[in-house]
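**Student:** For reference, the structure I am asking about is given below.
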Amino acid sequence: MAVTTRRPEGSGGARGGVRLERFDRVERSVHWLTAALFGVLVFTGAALYIEALGSVIGRRALVQDVHVYCGIALPVPLAVALAGRWGRALREDVKRFNRWTADDRRWIGTLVSGAPGRIRRLADLNVGKFNAGQKLNSAFVAGTGLVMLATGVIMRWYHPYPLSWRTGATFVHDWLAVAIGLVIFGHIGMALRDPDAMRSMVRGDISTKWAARHAPAWLSGDDPPPPRDAGS
């Protein structure tokens with residue numbers, strides 16, 4: 001599947017020339033709705049566990065309810081987007097996230113290289129639309145999100161569950177929350193270091209120069225999603 005190209009509005013300047021559509025409107029909406037829910041979860045979770053912050057905000061019961069129902073709502077934007085015809089681009093990108101190549105494995109190997117060697121090795125890789133780090137991040141967020149949802153339900157509606165389940169759910173929920181918070185802040189930091197990529201999540205497009213450097217397989221058309229099953 002070839003990438004979609006278009007010329008940006010206006011002319012000239014650093015943003016002139018043919019650009020690639022990286023994320024459509026549905027994908028961007030899902031990203032920002034999910035980000036907003038994550039932000040509320042992080043803030044309300046901190047208010048529930050950090051006594052000084054909680055005392056400033058007050059209304060602990062309300063904060064707890066907001067935290068719980070935002071957690072339940074977290075998978076809704078993604079589920080709605082994937083369910084309809086409007087989510088075709090998102091479904092194709094999900095397939096890309098689940099598709100690992102030899103270059104993805106080599107990308108992981110560069111993490112143990114020194115800075116000069118890593119830059120040189122990365123330049124030789126034929127990376128697709130998403131690199132191995134982004135694929136690992138998506139798998140981590142999806143997996144931990146399901147665990148957080150399950151443990152949160154046990155903690156909130158605890159009556160049917162034995163004490164050992166409630167204790168274990170609380171332990172897992174608390175420590176996973178710390179890990180997810182670190183990953184979120186790392187994600188934000190990486191986004192701030194790459195303004196072109198961050199802009200593509202706002203406007204949808206990306207320069208061919210960026211794609212040639214960071215996603216050459218996608219630019220050349222060698223990174224399609226896996227073929228659909230005959231019955232799909």
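Letters for chains follow the order of the structure tokens (A, B, ...), residue numbers begin at 1 for each chain, and ligand numbers begin at 1 in the order shown.
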Could you please write out, as a PyMOL selection string, every residue of segment 30-117 of chain A that DSSP assigns to alpha helix (DSSP H)?
**Tutor:** chain A and resi 30-49+51-57+60-73+76-83+88-97+102-109+115-117
**Student:** Can you pull out every residue within 12 Å of segment 172-188 of chain A, counting only C-alpha atoms, but drop anything in the same chain fewer than 2 positions away, and send it as an mmCIF file with N, CA and C atoms, in the first residue's frame?
**Tutor:**
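out20.cif written:
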data_model
loop_
_atom_site.group_PDB
_atom_site.id
_atom_site.type_symbol
_atom_site.label_atom_id
_atom_site.label_comp_id
_atom_site.auth_asym_id
_atom_site.auth_seq_id
_atom_site.Cartn_x
_atom_site.Cartn_y
_atom_site.Cartn_z
ATOM 1 N N THR A 34 -7.384 9.782 23.941
ATOM 2 C CA THR A 34 -6.708 8.851 24.856
ATOM 3 C C THR A 34 -5.707 9.593 25.726
ATOM 4 N N ALA A 35 -4.984 10.535 25.128
ATOM 5 C CA ALA A 35 -4.022 11.322 25.900
ATOM 6 C C ALA A 35 -4.722 12.127 26.995
ATOM 7 N N ALA A 36 -5.890 12.704 26.664
ATOM 8 C CA ALA A 36 -6.637 13.478 27.663
ATOM 9 C C ALA A 36 -7.086 12.576 28.816
ATOM 10 N N PHE A 38 -5.684 9.746 29.752
ATOM 11 C CA PHE A 38 -4.480 9.397 30.504
ATOM 12 C C PHE A 38 -4.078 10.543 31.430
ATOM 13 N N GLY A 39 -4.163 11.775 30.933
ATOM 14 C CA GLY A 39 -3.800 12.909 31.760
ATOM 15 C C GLY A 39 -4.677 13.020 32.998
ATOM 16 N N VAL A 40 -5.983 12.831 32.826
ATOM 17 C CA VAL A 40 -6.890 12.872 33.970
ATOM 18 C C VAL A 40 -6.584 11.730 34.935
ATOM 19 N N LEU A 41 -6.294 10.547 34.396
ATOM 20 C CA LEU A 41 -5.977 9.405 35.254
ATOM 21 C C LEU A 41 -4.713 9.643 36.065
ATOM 22 N N VAL A 42 -3.692 10.197 35.429
ATOM 23 C CA VAL A 42 -2.446 10.474 36.145
ATOM 24 C C VAL A 42 -2.681 11.502 37.246
ATOM 25 N N PHE A 43 -3.414 12.565 36.923
ATOM 26 C CA PHE A 43 -3.645 13.622 37.903
ATOM 27 C C PHE A 43 -4.498 13.133 39.066
ATOM 28 N N THR A 44 -5.607 12.468 38.760
ATOM 29 C CA THR A 44 -6.483 12.006 39.843
ATOM 30 C C THR A 44 -5.828 10.889 40.641
ATOM 31 N N GLY A 45 -5.053 10.026 39.964
ATOM 32 C CA GLY A 45 -4.340 8.986 40.690
ATOM 33 C C GLY A 45 -3.330 9.570 41.654
ATOM 34 N N ALA A 46 -2.622 10.612 41.199
ATOM 35 C CA ALA A 46 -1.667 11.280 42.089
ATOM 36 C C ALA A 46 -2.378 11.920 43.270
ATOM 37 N N LEU A 48 -5.050 10.900 44.674
ATOM 38 C CA LEU A 48 -5.514 9.867 45.599
ATOM 39 C C LEU A 48 -4.384 9.287 46.440
ATOM 40 N N TYR A 49 -3.154 9.315 45.922
ATOM 41 C CA TYR A 49 -2.046 8.658 46.614
ATOM 42 C C TYR A 49 -1.050 9.622 47.243
ATOM 43 N N GLY A 71 -10.938 5.648 33.716
ATOM 44 C CA GLY A 71 -10.261 4.388 33.428
ATOM 45 C C GLY A 71 -11.132 3.456 32.613
ATOM 46 N N GLY A 133 10.887 0.600 18.858
ATOM 47 C CA GLY A 133 10.583 1.231 20.137
ATOM 48 C C GLY A 133 9.115 1.626 20.234
ATOM 49 N N GLN A 134 8.575 2.160 19.152
ATOM 50 C CA GLN A 134 7.157 2.532 19.144
ATOM 51 C C GLN A 134 6.261 1.298 19.224
ATOM 52 N N LEU A 136 7.095 -1.564 20.729
ATOM 53 C CA LEU A 136 7.166 -2.030 22.115
ATOM 54 C C LEU A 136 6.309 -1.156 23.027
ATOM 55 N N ASN A 137 6.355 0.154 22.801
ATOM 56 C CA ASN A 137 5.556 1.071 23.625
ATOM 57 C C ASN A 137 4.065 0.787 23.472
ATOM 58 N N SER A 138 3.616 0.560 22.240
ATOM 59 C CA SER A 138 2.191 0.289 22.023
ATOM 60 C C SER A 138 1.777 -1.015 22.686
ATOM 61 N N PHE A 140 3.203 -2.366 25.326
ATOM 62 C CA PHE A 140 3.232 -2.131 26.772
ATOM 63 C C PHE A 140 1.964 -1.410 27.224
ATOM 64 N N VAL A 141 1.592 -0.351 26.510
ATOM 65 C CA VAL A 141 0.416 0.435 26.891
ATOM 66 C C VAL A 141 -0.853 -0.414 26.786
ATOM 67 N N ALA A 142 -0.977 -1.200 25.712
ATOM 68 C CA ALA A 142 -2.170 -2.036 25.551
ATOM 69 C C ALA A 142 -2.253 -3.091 26.649
ATOM 70 N N GLY A 143 -1.136 -3.766 26.913
ATOM 71 C CA GLY A 143 -1.142 -4.818 27.926
ATOM 72 C C GLY A 143 -1.380 -4.296 29.325
ATOM 73 N N THR A 144 -0.641 -3.263 29.697
ATOM 74 C CA THR A 144 -0.803 -2.720 31.040
ATOM 75 C C THR A 144 -2.158 -2.037 31.213
ATOM 76 N N GLY A 145 -2.697 -1.470 30.117
ATOM 77 C CA GLY A 145 -4.012 -0.855 30.209
ATOM 78 C C GLY A 145 -5.085 -1.868 30.584
ATOM 79 N N LEU A 146 -5.009 -3.058 30.002
ATOM 80 C CA LEU A 146 -5.977 -4.108 30.340
ATOM 81 C C LEU A 146 -5.812 -4.567 31.788
ATOM 82 N N VAL A 147 -4.544 -4.689 32.224
ATOM 83 C CA VAL A 147 -4.301 -5.098 33.610
ATOM 84 C C VAL A 147 -4.788 -4.020 34.582
ATOM 85 N N MET A 148 -4.528 -2.766 34.255
ATOM 86 C CA MET A 148 -4.992 -1.674 35.118
ATOM 87 C C MET A 148 -6.517 -1.629 35.191
ATOM 88 N N LEU A 149 -7.177 -1.893 34.067
ATOM 89 C CA LEU A 149 -8.636 -1.907 34.064
ATOM 90 C C LEU A 149 -9.161 -3.033 34.956
ATOM 91 N N ALA A 150 -8.583 -4.215 34.818
ATOM 92 C CA ALA A 150 -9.040 -5.361 35.609
ATOM 93 C C ALA A 150 -8.792 -5.142 37.106
ATOM 94 N N THR A 151 -7.590 -4.695 37.454
ATOM 95 C CA THR A 151 -7.284 -4.494 38.870
ATOM 96 C C THR A 151 -8.080 -3.333 39.447
ATOM 97 N N GLY A 152 -8.327 -2.298 38.629
ATOM 98 C CA GLY A 152 -9.135 -1.177 39.100
ATOM 99 C C GLY A 152 -10.569 -1.582 39.396
ATOM 100 N N VAL A 153 -11.130 -2.451 38.553
ATOM 101 C CA VAL A 153 -12.482 -2.944 38.795
ATOM 102 C C VAL A 153 -12.538 -3.730 40.104
ATOM 103 N N ILE A 154 -11.520 -4.562 40.352
ATOM 104 C CA ILE A 154 -11.485 -5.336 41.599
ATOM 105 C C ILE A 154 -11.392 -4.410 42.807
ATOM 106 N N MET A 155 -10.597 -3.353 42.690
ATOM 107 C CA MET A 155 -10.439 -2.421 43.800
ATOM 108 C C MET A 155 -11.705 -1.604 44.052
ATOM 109 N N ARG A 156 -12.412 -1.262 42.971
ATOM 110 C CA ARG A 156 -13.604 -0.404 43.130
ATOM 111 C C ARG A 156 -14.829 -1.204 43.558
ATOM 112 N N TRP A 165 -7.217 -11.406 46.523
ATOM 113 C CA TRP A 165 -7.354 -10.778 45.215
ATOM 114 C C TRP A 165 -7.279 -9.262 45.336
ATOM 115 N N ARG A 166 -7.972 -8.713 46.334
ATOM 116 C CA ARG A 166 -7.987 -7.266 46.494
ATOM 117 C C ARG A 166 -6.610 -6.731 46.855
ATOM 118 N N THR A 167 -5.900 -7.468 47.702
ATOM 119 C CA THR A 167 -4.543 -7.048 48.082
ATOM 120 C C THR A 167 -3.613 -7.103 46.875
ATOM 121 N N GLY A 168 -3.692 -8.200 46.130
ATOM 122 C CA GLY A 168 -2.844 -8.334 44.947
ATOM 123 C C GLY A 168 -3.175 -7.295 43.891
ATOM 124 N N ALA A 169 -4.475 -7.020 43.696
ATOM 125 C CA ALA A 169 -4.879 -6.028 42.709
ATOM 126 C C ALA A 169 -4.354 -4.644 43.073
ATOM 127 N N THR A 170 -4.407 -4.307 44.357
ATOM 128 C CA THR A 170 -3.914 -3.006 44.797
ATOM 129 C C THR A 170 -2.413 -2.878 44.557
ATOM 130 N N MET A 190 10.185 12.299 24.268
ATOM 131 C CA MET A 190 10.583 11.939 22.909
ATOM 132 C C MET A 190 9.834 12.792 21.891
ATOM 133 N N ALA A 191 8.555 13.048 22.138
ATOM 134 C CA ALA A 191 7.778 13.868 21.209
ATOM 135 C C ALA A 191 8.322 15.291 21.131
ATOM 136 N N LEU A 192 8.701 15.848 22.276
ATOM 137 C CA LEU A 192 9.243 17.208 22.285
ATOM 138 C C LEU A 192 10.587 17.288 21.578
ATOM 139 N N ARG A 193 11.310 16.182 21.548
ATOM 140 C CA ARG A 193 12.600 16.165 20.855
ATOM 141 C C ARG A 193 12.442 16.053 19.346
ATOM 142 N N ASP A 194 11.259 15.692 18.878
ATOM 143 C CA ASP A 194 11.025 15.535 17.441
ATOM 144 C C ASP A 194 9.778 16.331 17.052
ATOM 145 N N PRO A 195 9.923 17.652 16.881
ATOM 146 C CA PRO A 195 8.750 18.482 16.606
ATOM 147 C C PRO A 195 8.035 18.125 15.306
ATOM 148 N N ALA A 197 7.583 15.084 14.070
ATOM 149 C CA ALA A 197 6.712 13.945 14.372
ATOM 150 C C ALA A 197 5.523 14.394 15.224
ATOM 151 N N MET A 198 5.759 15.271 16.176
ATOM 152 C CA MET A 198 4.668 15.747 17.023
ATOM 153 C C MET A 198 3.667 16.559 16.199
#
**Student:** Please list as a list in words every residue within 7 Å of segment 212-215 of chain A, counting only C-alpha atoms and excluding residues in the same chain fewer than 3 positions away.
**Tutor:**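 The residues that qualify are Val127, Gly128, Lys129, Thr208, Lys209, Trp218 and Leu219 of chain A.
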**Student:** Ranking A:Val30, A:Ala47, A:Ala123, A:Ile206 by minimum distance to Ala61 of chain A and counting only C-alpha atoms, which one comes first?
**Tutor:**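 Ranking A:Val30, A:Ala47, A:Ala123, A:Ile206 by distance to Ala61 of chain A, first place goes to A:Ala47.
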**Student:** Please list as a list in words every residue within 10 Å of Trp107 of chain A, counting only C-alpha atoms and excluding residues in the same chain fewer than 6 positions away.
**Tutor:**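 In the requested form, the answer reads Thr101, Arg118, Arg121, Leu122, Asp124, Leu125, Asn126, Val127, Asn131, Ala132 and Gly133 of chain A.
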**Student:** Hey, can you spit out that residue selection with N, CA, C and O atoms as a PDB file, in the first residue's frame?
**Tutor:**
ATOM      1  N   THR A 101       9.834  -7.091  11.839  1.00  0.00           N
ATOM      2  CA  THR A 101      10.740  -7.458  10.760  1.00  0.00           C
ATOM      3  C   THR A 101      12.142  -7.667  11.311  1.00  0.00           C
ATOM      4  O   THR A 101      12.432  -7.365  12.481  1.00  0.00           O
ATOM      5  N   ARG A 118      25.504   3.666  17.217  1.00  0.00           N
ATOM      6  CA  ARG A 118      24.055   3.506  17.093  1.00  0.00           C
ATOM      7  C   ARG A 118      23.525   4.351  15.948  1.00  0.00           C
ATOM      8  O   ARG A 118      22.690   3.885  15.166  1.00  0.00           O
ATOM      9  N   ARG A 121      24.397   2.612  12.699  1.00  0.00           N
ATOM     10  CA  ARG A 121      23.629   1.387  12.480  1.00  0.00           C
ATOM     11  C   ARG A 121      22.169   1.695  12.167  1.00  0.00           C
ATOM     12  O   ARG A 121      21.553   1.027  11.341  1.00  0.00           O
ATOM     13  N   LEU A 122      21.609   2.700  12.817  1.00  0.00           N
ATOM     14  CA  LEU A 122      20.232   3.074  12.537  1.00  0.00           C
ATOM     15  C   LEU A 122      20.066   3.565  11.108  1.00  0.00           C
ATOM     16  O   LEU A 122      19.040   3.316  10.467  1.00  0.00           O
ATOM     17  N   ASP A 124      21.459   2.504   8.565  1.00  0.00           N
ATOM     18  CA  ASP A 124      21.489   1.377   7.629  1.00  0.00           C
ATOM     19  C   ASP A 124      20.225   0.530   7.667  1.00  0.00           C
ATOM     20  O   ASP A 124      20.082  -0.409   6.874  1.00  0.00           O
ATOM     21  N   LEU A 125      19.305   0.829   8.588  1.00  0.00           N
ATOM     22  CA  LEU A 125      18.105   0.002   8.743  1.00  0.00           C
ATOM     23  C   LEU A 125      16.974   0.494   7.857  1.00  0.00           C
ATOM     24  O   LEU A 125      16.806   1.696   7.641  1.00  0.00           O
ATOM     25  N   ASN A 126      16.201  -0.443   7.348  1.00  0.00           N
ATOM     26  CA  ASN A 126      15.041  -0.124   6.517  1.00  0.00           C
ATOM     27  C   ASN A 126      13.790  -0.177   7.404  1.00  0.00           C
ATOM     28  O   ASN A 126      12.993  -1.113   7.351  1.00  0.00           O
ATOM     29  N   VAL A 127      13.634   0.858   8.227  1.00  0.00           N
ATOM     30  CA  VAL A 127      12.561   0.905   9.214  1.00  0.00           C
ATOM     31  C   VAL A 127      11.252   1.294   8.537  1.00  0.00           C
ATOM     32  O   VAL A 127      11.227   2.102   7.609  1.00  0.00           O
ATOM     33  N   ASN A 131       8.935   2.417  14.337  1.00  0.00           N
ATOM     34  CA  ASN A 131      10.142   1.670  14.691  1.00  0.00           C
ATOM     35  C   ASN A 131       9.849   0.704  15.834  1.00  0.00           C
ATOM     36  O   ASN A 131       8.755   0.696  16.400  1.00  0.00           O
ATOM     37  N   ALA A 132      10.847  -0.106  16.163  1.00  0.00           N
ATOM     38  CA  ALA A 132      10.642  -1.146  17.167  1.00  0.00           C
ATOM     39  C   ALA A 132      10.317  -0.558  18.536  1.00  0.00           C
ATOM     40  O   ALA A 132       9.545  -1.141  19.305  1.00  0.00           O
ATOM     41  N   GLY A 133      10.887   0.600  18.858  1.00  0.00           N
ATOM     42  CA  GLY A 133      10.583   1.231  20.137  1.00  0.00           C
ATOM     43  C   GLY A 133       9.115   1.626  20.234  1.00  0.00           C
ATOM     44  O   GLY A 133       8.481   1.452  21.283  1.00  0.00           O
TER      45      GLY A 133
END
**Student:** Could you tell me which of A:Val94, A:Val112, A:Leu37, A:Arg22 comes closest to Val66 of chain A if we count only C-alpha atoms?
**Tutor:**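 The answer is A:Leu37, which sits nearest to Val66 of chain A.
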**Student:** Point out the residue among A:Leu62, A:Leu74, A:Val18, A:Ile50 with the least atom-to-atom distance to Leu33 of chain A, counting only C-alpha atoms.
**Tutor:**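 The shortest atom-to-atom distance to Leu33 of chain A comes from A:Leu74.
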**Student:** Can you tell me how far atom CA of Arg28 of chain A sits from atom CA of Ala83 of chain A, in Å to one decimal?
**Tutor:**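 Those two atoms sit 16.0 Å apart.
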**Student:** Among the residues of segment 5-212 of chain A, find those DSSP assigns to strand (DSSP E or B) from the backbone and print them as a PyMOL selection string.
**Tutor:** chain A and resi 5-6+19-21+205-207
**Student:** Could you write out that same residue set with N, CA and C atoms as an mmCIF file, in the first residue's frame?
**Tutor:**
data_model
loop_
_atom_site.group_PDB
_atom_site.id
_atom_site.type_symbol
_atom_site.label_atom_id
_atom_site.label_comp_id
_atom_site.auth_asym_id
_atom_site.auth_seq_id
_atom_site.Cartn_x
_atom_site.Cartn_y
_atom_site.Cartn_z
ATOM 1 N N THR A 5 0.216 11.037 -0.556
ATOM 2 C CA THR A 5 0.963 12.292 -0.609
ATOM 3 C C THR A 5 -0.002 13.424 -0.894
ATOM 4 N N ARG A 6 0.379 14.612 -0.416
ATOM 5 C CA ARG A 6 -0.407 15.806 -0.717
ATOM 6 C C ARG A 6 0.459 17.018 -0.491
ATOM 7 N N ARG A 19 4.158 16.382 0.803
ATOM 8 C CA ARG A 19 4.212 15.831 2.144
ATOM 9 C C ARG A 19 3.381 14.561 2.185
ATOM 10 N N LEU A 20 3.627 13.736 3.185
ATOM 11 C CA LEU A 20 2.954 12.454 3.312
ATOM 12 C C LEU A 20 1.900 12.519 4.395
ATOM 13 N N GLU A 21 0.771 11.890 4.132
ATOM 14 C CA GLU A 21 -0.240 11.782 5.177
ATOM 15 C C GLU A 21 0.175 10.652 6.112
ATOM 16 N N ASP A 205 0.251 15.383 8.565
ATOM 17 C CA ASP A 205 1.235 15.114 7.514
ATOM 18 C C ASP A 205 2.660 15.210 8.041
ATOM 19 N N ILE A 206 3.579 14.713 7.237
ATOM 20 C CA ILE A 206 5.000 14.693 7.600
ATOM 21 C C ILE A 206 5.814 14.916 6.334
ATOM 22 N N SER A 207 7.001 15.459 6.462
ATOM 23 C CA SER A 207 7.830 15.729 5.290
ATOM 24 C C SER A 207 8.454 14.447 4.751
#
**Student:** Hey, can you check how far atom CA of Gly204 of chain A sits from atom CA of Leu90 of chain A?
**Tutor:**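 That distance, rounded to one decimal, is 12.8 Å.
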**Student:** Which neighbours of Val26 of chain A fall inside 9 Å, counting only C-alpha atoms, when residues of the same chain fewer than 2 positions from it are skipped, and could you give them as a PDB file with N, CA and C atoms, in the first residue's frame?
**Tutor:**
ATOM      1  N   PHE A  23      -1.037  10.393   9.637  1.00  0.00           N
ATOM      2  CA  PHE A  23      -2.182  10.011  10.463  1.00  0.00           C
ATOM      3  C   PHE A  23      -3.423  10.733   9.960  1.00  0.00           C
ATOM      4  N   ASP A  24      -4.514   9.987   9.782  1.00  0.00           N
ATOM      5  CA  ASP A  24      -5.742  10.649   9.359  1.00  0.00           C
ATOM      6  C   ASP A  24      -6.464  11.236  10.570  1.00  0.00           C
ATOM      7  N   ARG A  28      -5.779  10.726  14.723  1.00  0.00           N
ATOM      8  CA  ARG A  28      -5.386  11.854  15.574  1.00  0.00           C
ATOM      9  C   ARG A  28      -6.406  12.074  16.691  1.00  0.00           C
ATOM     10  N   SER A  29      -7.682  11.906  16.373  1.00  0.00           N
ATOM     11  CA  SER A  29      -8.712  12.071  17.405  1.00  0.00           C
ATOM     12  C   SER A  29      -8.568  11.030  18.496  1.00  0.00           C
ATOM     13  N   VAL A  30      -8.321   9.783  18.096  1.00  0.00           N
ATOM     14  CA  VAL A  30      -8.126   8.719  19.083  1.00  0.00           C
ATOM     15  C   VAL A  30      -6.925   9.025  19.963  1.00  0.00           C
ATOM     16  N   HIS A  31      -5.837   9.474  19.347  1.00  0.00           N
ATOM     17  CA  HIS A  31      -4.629   9.774  20.119  1.00  0.00           C
ATOM     18  C   HIS A  31      -4.891  10.836  21.171  1.00  0.00           C
ATOM     19  N   ALA A  81     -13.219   3.700  17.120  1.00  0.00           N
ATOM     20  CA  ALA A  81     -12.501   3.971  15.879  1.00  0.00           C
ATOM     21  C   ALA A  81     -12.244   2.699  15.075  1.00  0.00           C
ATOM     22  N   TRP A  86     -14.765   4.045   9.109  1.00  0.00           N
ATOM     23  CA  TRP A  86     -13.917   5.225   9.260  1.00  0.00           C
ATOM     24  C   TRP A  86     -12.542   4.899   9.855  1.00  0.00           C
ATOM     25  N   GLY A  87     -12.378   3.706  10.423  1.00  0.00           N
ATOM     26  CA  GLY A  87     -11.121   3.357  11.077  1.00  0.00           C
ATOM     27  C   GLY A  87     -10.175   2.536  10.235  1.00  0.00           C
ATOM     28  N   ALA A  89      -7.613   3.318   8.260  1.00  0.00           N
ATOM     29  CA  ALA A  89      -6.190   3.663   8.424  1.00  0.00           C
ATOM     30  C   ALA A  89      -5.672   3.211   9.783  1.00  0.00           C
ATOM     31  N   LEU A  90      -6.496   3.345  10.811  1.00  0.00           N
ATOM     32  CA  LEU A  90      -6.086   2.912  12.143  1.00  0.00           C
ATOM     33  C   LEU A  90      -5.897   1.399  12.183  1.00  0.00           C
TER      34      LEU A  90
END
**Student:** What separation in Å, quoted to one decimal, exists between atom CA of Ile119 of chain A and atom CA of Phe97 of chain A?
**Tutor:**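 Interatomic distance, atom CA of Ile119 of chain A to atom CA of Phe97 of chain A: 22.9 Å.
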